[in-house]
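Just below is one structure, and these are the notes that go with it.
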Amino acid sequence: MTVKIGCIVEGESEVATVPLLIRRIAANLYPELPIVVPPPIRRPRNKIVKENELERAVEFVAQQIGGQGAIFIILDSEKDCPAELGPALLHRASQVRSDLPIAVVFAKHEFEAWFLAAAESIRGRRGLKNDLNAPDNPEAIRGAKEWLSQRMEASRTYRETQDQPALAALFDIEQARQADSFDKCYREIVRLLEELRKANNQTSEQT
């Protein structure tokens, strides 16, 4: 039985990137699990944190996956504390669909910080220089996209909608887990996959 993970994302590039990341992790851990990740819905971060907006988005995604599966929400933390905002949003989302596994994840500052943590694994790719090294504290850098642009060959610059999905297919996931927020993202995706796998196995045993 196919399992589905519906996603809520913030930016245009994440529409392609997030399903790709989920499928990479699923293929590595549970290659036998037939998983579908429909195109994510986009909601501006400043809008989704408002009352009722997150709730509407969660219900929309729940309908998108036919009321079965899981929901994954990923936003940039910007200036907010993920440890405070994350649980608050998760509580609100779970109030709407307590019947579905839900995860809320924040990239510290921006998604590209995770590429910085795994910089060695993307050397020489997408125009990046061959001597690329990860900074000491990648999640402390404001402007990860600019950091990548400054380390590209010639006049090449980082193009988010094209380079983010491409690098998400290439970067070393284990290296990226050195970034705390990506480690949290990874663990939450794994949790959803495990819950879906167990539910799928129970359904198979009953039929």
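Chains: A, B, ... in order of the structure tokens. Residues: from 1 per chain. Ligands: from 1, in order shown.
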Once you count only C-alpha atoms, what closest atom pair and distance in Å to one decimal does each residue of segment 3-60 of chain A within 10 Å of segment 93-97 of chain A have, with rows by chain and rising residue number, as JSON lines?
{"residue": "A:Asn52", "atom": "CA", "partner": "A:Ala93", "partner_atom": "CA", "distance": 9.9}
{"residue": "A:Leu54", "atom": "CA", "partner": "A:Ala93", "partner_atom": "CA", "distance": 6.9}
{"residue": "A:Glu55", "atom": "CA", "partner": "A:Ala93", "partner_atom": "CA", "distance": 6.0}
{"residue": "A:Arg56", "atom": "CA", "partner": "A:Val96", "partner_atom": "CA", "distance": 8.7}
{"residue": "A:Ala57", "atom": "CA", "partner": "A:Ala93", "partner_atom": "CA", "distance": 9.0}
{"residue": "A:Val58", "atom": "CA", "partner": "A:Ala93", "partner_atom": "CA", "distance": 6.3}
{"residue": "A:Glu59", "atom": "CA", "partner": "A:Val96", "partner_atom": "CA", "distance": 6.9}
To test your reading of the structure, identify every residue in chain A that backbone DSSP assigns to strand (DSSP E), and report it as an mmCIF file with N, CA and C atoms, in the first residue's frame.
data_model
loop_
_atom_site.group_PDB
_atom_site.id
_atom_site.type_symbol
_atom_site.label_atom_id
_atom_site.label_comp_id
_atom_site.auth_asym_id
_atom_site.auth_seq_id
_atom_site.Cartn_x
_atom_site.Cartn_y
_atom_site.Cartn_z
ATOM 1 N N VAL A 3 2.124 4.927 0.739
ATOM 2 C CA VAL A 3 1.954 5.889 1.827
ATOM 3 C C VAL A 3 2.281 7.279 1.309
ATOM 4 N N LYS A 4 1.653 8.279 1.898
ATOM 5 C CA LYS A 4 1.822 9.647 1.417
ATOM 6 C C LYS A 4 2.284 10.579 2.536
ATOM 7 N N ILE A 5 3.146 11.514 2.160
ATOM 8 C CA ILE A 5 3.536 12.589 3.071
ATOM 9 C C ILE A 5 3.219 13.910 2.377
ATOM 10 N N GLY A 6 2.273 14.639 2.926
ATOM 11 C CA GLY A 6 1.935 15.957 2.401
ATOM 12 C C GLY A 6 2.793 17.009 3.075
ATOM 13 N N CYS A 7 3.186 18.026 2.330
ATOM 14 C CA CYS A 7 4.133 19.014 2.856
ATOM 15 C C CYS A 7 3.620 20.442 2.740
ATOM 16 N N ILE A 8 3.999 21.238 3.727
ATOM 17 C CA ILE A 8 3.777 22.679 3.700
ATOM 18 C C ILE A 8 5.146 23.336 3.740
ATOM 19 N N VAL A 9 5.450 24.157 2.733
ATOM 20 C CA VAL A 9 6.758 24.804 2.645
ATOM 21 C C VAL A 9 6.574 26.301 2.484
ATOM 22 N N ILE A 35 6.403 5.148 -1.328
ATOM 23 C CA ILE A 35 6.066 6.465 -0.787
ATOM 24 C C ILE A 35 5.773 7.472 -1.899
ATOM 25 N N VAL A 36 4.770 8.287 -1.674
ATOM 26 C CA VAL A 36 4.404 9.357 -2.589
ATOM 27 C C VAL A 36 4.431 10.668 -1.812
ATOM 28 N N ILE A 41 2.368 22.441 -0.741
ATOM 29 C CA ILE A 41 1.691 23.726 -0.858
ATOM 30 C C ILE A 41 2.583 24.791 -0.220
ATOM 31 N N ARG A 42 2.558 25.984 -0.780
ATOM 32 C CA ARG A 42 3.377 27.091 -0.275
ATOM 33 C C ARG A 42 2.525 28.052 0.536
ATOM 34 N N ALA A 70 0.965 11.287 6.360
ATOM 35 C CA ALA A 70 1.579 12.172 7.348
ATOM 36 C C ALA A 70 1.731 13.561 6.753
ATOM 37 N N ILE A 71 1.992 14.536 7.631
ATOM 38 C CA ILE A 71 2.158 15.924 7.195
ATOM 39 C C ILE A 71 3.490 16.441 7.715
ATOM 40 N N PHE A 72 4.260 17.049 6.805
ATOM 41 C CA PHE A 72 5.577 17.590 7.138
ATOM 42 C C PHE A 72 5.571 19.081 6.834
ATOM 43 N N ILE A 73 5.898 19.883 7.847
ATOM 44 C CA ILE A 73 5.893 21.339 7.712
ATOM 45 C C ILE A 73 7.306 21.845 7.932
ATOM 46 N N ILE A 74 7.834 22.613 6.983
ATOM 47 C CA ILE A 74 9.195 23.128 7.122
ATOM 48 C C ILE A 74 9.232 24.616 6.783
ATOM 49 N N LEU A 75 9.843 25.393 7.681
ATOM 50 C CA LEU A 75 9.957 26.840 7.527
ATOM 51 C C LEU A 75 11.365 27.280 7.909
ATOM 52 N N ASP A 76 11.728 28.488 7.520
ATOM 53 C CA ASP A 76 12.973 29.090 7.999
ATOM 54 C C ASP A 76 12.700 29.716 9.367
ATOM 55 N N ILE A 102 2.354 14.291 12.397
ATOM 56 C CA ILE A 102 2.731 15.613 11.885
ATOM 57 C C ILE A 102 4.097 15.989 12.444
ATOM 58 N N ALA A 103 4.922 16.628 11.625
ATOM 59 C CA ALA A 103 6.214 17.149 12.066
ATOM 60 C C ALA A 103 6.333 18.605 11.640
ATOM 61 N N VAL A 104 6.913 19.406 12.527
ATOM 62 C CA VAL A 104 7.215 20.810 12.221
ATOM 63 C C VAL A 104 8.716 21.009 12.397
ATOM 64 N N VAL A 105 9.373 21.489 11.345
ATOM 65 C CA VAL A 105 10.832 21.632 11.345
ATOM 66 C C VAL A 105 11.197 23.045 10.909
ATOM 67 N N PHE A 106 12.243 23.593 11.525
ATOM 68 C CA PHE A 106 12.765 24.897 11.136
ATOM 69 C C PHE A 106 14.210 24.770 10.689
ATOM 70 N N ALA A 107 14.524 25.331 9.519
ATOM 71 C CA ALA A 107 15.923 25.494 9.122
ATOM 72 C C ALA A 107 16.427 26.743 9.831
#
Extract the full set of alpha helix (DSSP H) residues from segment 96-169 of chain A according to DSSP on the backbone, and format it as a ChimeraX atom specification. /A:96,113-117,144-149,160-168
Polymer residues at most 6 Å from Ser121 of chain A, only C-alpha atoms, same-chain spacing of 2 or more positions, as a VMD selection string: chain A and resid 118 to 119 123 171 to 172
Could you pull the residues within 12 Å of Lys184 of chain A, counting only C-alpha atoms, minus those fewer than 3 positions along the same chain, as a list in words? Ile74, Pro82, Ala83, Gly86, Ala103, Val104, Val105, Phe106, Ala107, Lys108, Trp114, Ala176, Arg177, Gln178, Ala179, Asp180, Ser181, Arg187, Glu188, Ile189, Val190 and Arg191 of chain A
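Comparing the minimum interatomic distances between Ile48 of chain A and each of A:Leu89, A:Ala134, A:Met152, A:Leu192, counting only C-alpha atoms, we find that A:Leu89 sits nearest.
Minimum atom-to-atom distances from A:Leu196, A:Met1, A:Arg126, A:Ile141 to Arg159 of chain A were compared using only C-alpha atoms, and the lowest value belongs to A:Arg126.
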Which of these residues is nearest to Leu116 of chain A, using only C-alpha atoms: A:Leu85, A:Arg92, A:Ile173, A:Gly69? A:Ile173
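The protein and nucleic acid residues lying at most 10 Å from Ala154 of chain A are Gly127, Leu128, Lys129, Gln150, Arg151, Met152, Arg156 and Thr157 of chain A, with only C-alpha atoms considered and sequence neighbours fewer than 2 positions away removed.
Using only C-alpha atoms for every distance, the candidate list A:Glu110, A:Glu120, A:Glu51, A:Glu160 yields A:Glu110 as the residue closest to Glu139 of chain A.
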